[in-house]
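Contents: one structure, followed by commentary.
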Amino acid sequence: MNLDFTPEEDAFREEVRTFIKENYPAQLRAAQDEGRTLTKEEYLMWHKVLAKKGWVAPGWPKELGGTGWTPTQKYIWSEETAKADCLPILPFGMSMLAPVIYTFGTDEQKKKFLPDIYNGEVWWCQGYSEPGAGSDLASLKTRAERVKGDDGKEYYIVNGQKTWTTLGQYADWGFFLVRTDPDAKPQSGISFLLIDMKTPGITVRPIITLEGGHEVNDVFLDNVKVPVENRIFHENQGWTCAKALLAHERTGIAGVARSKRNLEKLREISGTERSDTGGALISDAFFRRKVAELEIDLTALEFTELRTLAGESSGKGPGPESSILKIKGTEIQQRLQELALEAVGHYGAPFLRDMAKTNLPIGPDYAEGLAGEMFNGRKTSIYGGSNEIQRNIIAKMVLGL
Amino acid sequence: MDFSFTEEQSMLRDTVAAYLADHYDFDKRRAVVTKEPGWRPEVWKAFAEELGILGAPFSEELGGLGGGPIENMVVMEEFGKALVVEPYLGTVVIGGGFLKHSGHAGAADLIGGIIEGKTLFAFAAAEPKGRYNLAALETTAKKDGAGWTLNGHKAVVVGAPFATHLIVTARTSGGMRDAEGISVFLVEKGAKGVTTRDYPTVDGNRASEVYFENVSLGADALIGTADHGLPLIEKVVDEAIAATCAEACGVLRKLHEGTLEYTKQRKQFGQPISSFQVLQHRMVDMFIQVEQSISMTYMANIKVTDDAERAKAVSAAKVQIGKACKFVGQNAIQLHGGMGMTDEMAIGHYFKRATMIESAFGSVDHHLARYEFLSLGKAA
């Protein structure tokens, strides 16, 4: 047992650092620094740089464009990209859909969809949750009926509503769970469909979240005609794909590297902010203790994740234990957001989204948007299987209760 | 011992609740706070003329209803339930409090203006580097003949965009954090040298950065005694905290009730999610927090008139309220699931207000430290 990096691994870290420094898009960096809403093009800038370099898909099999990195290299990669505040690669196509396609898709489907995902040419969105199917995803009702078209080909006619579709307003294509057999048991009548978002009958409607942002959407499907060849895997066996996808969704869900970076930011902010007695806030006994406790919690999570990664490299796939990563990871992210908001005191209150900068500043720049981040961050313990559901998974699958 | 409300107090609650039910539903409020000017002067007018509540804590000689902190508590709790943004706290509790307790020569007239709804106050105390320390002041007032010259920058002055007058704390002598050398001034917002930068806050209120540049004040601008203003400031701020705790109780009740209601309706796995024991226990813990908060709010509002017990009682209440706002607010969102994240549901708006109350007039840490200090004595 040891924690040392080999000279090769140190060299790799150096290579990654240099690459980021020399190649991170300046326009994207500026947009992130200003904290403004990114354009579709900006969202994909870093993705395209990495695609060109061959580093965009560390999680894919090597023959499909994966990097072939060891778990340690992946760990170094996520640490360095977080440290440098690189925009995370959008997960929808890259880490959610692609593994389903390369695991369950036909050769034709792989050829048709994977290159565009890899190169960031097609923006994907997820059509899973419905108004009545959240934690109980298998109760979804969106219906797909198989018909023969006038052209003699077979189609699904899809009707229903999906919700919480993240960044669906930009999506070119979506992957959807639909019910193809309404008489089967909930989990056995579901199919996995890929749908072109430009198909007639699709309406995307924004959902404004409590901090005022537009990130998620309702997606209405009204007699949407989908060619049968856009189905992944067998009819009525889409749940198998969905489960596989959820397992991949767990990769990186702990967000350790980003939380470490945010902890650094918290230390910077609380080193600048004054306490009631005039010293740095980070020297305040109460505040300092909370930061230390959080850091220890994060260290525990980091080593739990490393143990999980080590298990993966020895051939044991990520088990239901990774629910620990989801629960603790999101709790720590939320705690960091709370403490950052707390640190800035009065200047947590201003809502400056549409305010122009003038010569009368409203608080320090680092305070701007912290309340919004904290409010928005409440979603993390709800989505991807709420933390209550994750505890159920551990109780049943790990503890056998 | 008696925790019941008088008939007048119950009537006051019913009057306010009935008015808000008719004029202040969630959609109406949401439409108002998202556009200029961010409040409804006509509602304020109704508070003054139809309801007569702007005189609740003032004596009958001054034209008020003869009440005190308990009346403020009753009004503020109802305001919390409806997320009222009109500046009762800044004007009636704080502005009125300073005038009432200071024996200012113009107090009777100004309080008359408050009761009529014509004079509105905002409390300009906080500063960019002062955090929650009321004595940490870089704003200065220098003696200038009979009057004073005011310079400085006040941070996040809630309600300032609506105010006609500001209550300003300033240093008249001593060093930045000294307890002595602090004075309180009454400043007309339109006075020469006063600049404001107005903005919305995340909980639907409005606030300003307020800058004073060589603002010339007359001798009568001084409220209370020069250089010895801190005890008066602490007293009024404690009253404001007690009133804010009451507002929080209204907010917390709505968060808890809304969650109960939602989990009974929301079905997953073929049953209402309220039938799951893990959620039941969570809602029980939320309920306990709400009840403990109400208890502490009563305690603080009873003791706030007793100068010997006031500070400790108020800080204790604010610690409880701050913790409850976090726990109840966050769990209300969690139990609403994705729906709790939407702007269109009221629950998120209560959560945002609860979050801002958590740190209003001092965070949990600030009041824990103050409580410790008061418990252990000056030697600590």
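The chains in the structure tokens are called A, B, ... from first to last as shown; in each chain the residues are counted from 1, and the ligands are counted from 1 in the order shown.
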
Residues near stretch 271-281 of chain A, anyone? I mean within 6 Å using only C-alpha atoms, not counting same-chain ones fewer than 5 positions away, as a PDB file with C-alpha atoms, in the first residue's frame.
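part.pdb, freshly written:
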```
ATOM      1  CA  LYS B 129     -15.418  45.536   6.218  1.00  0.00           C
ATOM      2  CA  ARG B 131     -19.206  42.071   9.022  1.00  0.00           C
ATOM      3  CA  TYR B 132     -21.818  41.898  11.830  1.00  0.00           C
ATOM      4  CA  ASN B 133     -19.983  44.066  14.335  1.00  0.00           C
TER       5      ASN B 133
END
```

Counting only C-alpha atoms, which residues of chain B fall within 7 Å of chain A, and what is the closest atom pair for each with its distance in Å at one decimal, ordered by chain and rising number, as a tab-separated table?
```
residue	atom	partner	partner_atom	distance
B:Lys129	CA	A:Arg274	CA	6.0
B:Gly130	CA	A:Asp276	CA	6.4
B:Arg131	CA	A:Asp276	CA	5.5
B:Tyr132	CA	A:Asp276	CA	5.9
B:Asn133	CA	A:Asp276	CA	5.1
B:Val156	CA	A:His346	CA	6.4
B:Arg197	CA	A:Leu360	CA	6.9
B:Tyr199	CA	A:Pro350	CA	6.7
B:Pro200	CA	A:Phe351	CA	5.4
B:Thr201	CA	A:Pro350	CA	4.3
B:Val202	CA	A:Phe351	CA	4.9
B:Glu209	CA	A:Ile362	CA	6.8
B:Gln268	CA	A:Asp136	CA	5.5
B:Phe269	CA	A:Asp136	CA	5.8
B:Gln334	CA	A:Ile382	CA	6.4
B:Gly337	CA	A:Ile382	CA	5.7
B:Gly338	CA	A:Ile382	CA	6.7
B:Met341	CA	A:Thr209	CA	5.4
B:Thr342	CA	A:Thr209	CA	4.2
B:Asp343	CA	A:Leu210	CA	4.2
B:Gly348	CA	A:Leu210	CA	5.8
B:Met356	CA	A:Ala349	CA	7.0
B:Asp365	CA	A:Phe286	CA	6.5
```

Fewer than 3 positions away in the same chain doesn't count, so skip those; otherwise give me all residues within 12 Å of stretch 182-184 of chain A, counting only C-alpha atoms, as number ranges by chain. A: 138-145, 178-179, 187-191, 236-237

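If you measure from each of B:Phe361, B:Ala308, B:Ile302, B:Val84 to B:Asp2 using only C-alpha atoms, the closest one turns out to be B:Ile302.
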
Strand (DSSP E or B) per DSSP on the backbone: members of stretch 231-336 of chain B, as JSON, numbers by chain: {"B": [267, 268, 271, 272]}

With C-alpha atoms kept, could you save the residues just selected as a short mmCIF file (atom, residue, chain, number, x, y, z; two decimals), in the first residue's frame?
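The resulting file, part39.cif, is reproduced below:
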```
data_model
loop_
_atom_site.label_atom_id
_atom_site.label_comp_id
_atom_site.auth_asym_id
_atom_site.auth_seq_id
_atom_site.Cartn_x
_atom_site.Cartn_y
_atom_site.Cartn_z
CA LYS B 267 -46.96 9.64 -5.47
CA GLN B 268 -43.96 7.44 -6.32
CA GLN B 271 -47.93 5.51 -2.81
CA PRO B 272 -47.74 9.04 -1.44
#
```

Identify, on the basis of only C-alpha atoms, every residue whose closest approach to A:Lys225 does not exceed 10 Å; exclude the query and any residue fewer than 4 positions from it along the same chain; express the result as a VMD selection string. chain A and resid 144 to 147 149 154 to 159 195 to 196 199 to 202 221

Residues near B:Ile321, cut-off 8 Å, only C-alpha atoms, skip fewer than 6 positions along chain, as a PyMOL selection string: chain B and resi 245+248+293+358

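Excluding stretch 66-70 of chain B itself and any same-chain residue fewer than 6 positions from it, the protein and nucleic acid residues within 8 Å of it, counting only C-alpha atoms, are B:Gly55, B:Ala56, B:Pro57, B:Phe58, B:Ser59, B:Glu60, B:Glu239, B:Ala242, B:Ala243, B:Asn301, B:Ile302, B:Val304, B:Thr305.
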
Keeping only C-alpha atoms, write those residues as a JSON list (two decimals), in the first residue's frame.
```json
[["chain", "number", "residue", "atom", "x", "y", "z"],
["B", 55, "GLY", "CA", -48.74, 52.48, 14.61],
["B", 56, "ALA", "CA", -48.81, 49.05, 16.25],
["B", 57, "PRO", "CA", -45.81, 49.46, 18.58],
["B", 58, "PHE", "CA", -46.27, 53.18, 19.37],
["B", 59, "SER", "CA", -48.04, 54.72, 22.35],
["B", 60, "GLU", "CA", -51.51, 56.13, 22.02],
["B", 239, "GLU", "CA", -35.71, 44.55, 18.82],
["B", 242, "ALA", "CA", -36.73, 39.68, 17.75],
["B", 243, "ALA", "CA", -39.08, 40.92, 15.02],
["B", 301, "ASN", "CA", -39.96, 39.12, 22.33],
["B", 302, "ILE", "CA", -40.97, 38.89, 25.99],
["B", 304, "VAL", "CA", -36.51, 42.23, 24.70],
["B", 305, "THR", "CA", -37.94, 44.96, 26.94]]
```

Calculated over only C-alpha atoms, which of the candidates B:Lys28, B:His228, B:Arg253, B:His165 has the smallest distance to B:Leu110?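 Looking at the shortest contact to B:Leu110, the residue is B:His165.
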
So which residues touch A:Ala257 within 7 Å, counting only C-alpha atoms, skipping near sequence neighbours fewer than 3 positions away, as an NGL selection string? :A and (78-79 or 82 or 260-261)

Could you pull out all residues of stretch 174-325 of chain A with a DSSP call of alpha helix (DSSP H) and give them as a PyMOL selection string? chain A and resi 238-249+256-272+285-313+322-325

Using only C-alpha atoms, the shortest atom-to-atom distance to A:Leu370 among A:Ile296, A:Phe192, A:Gly35, A:Thr166 belongs to A:Gly35
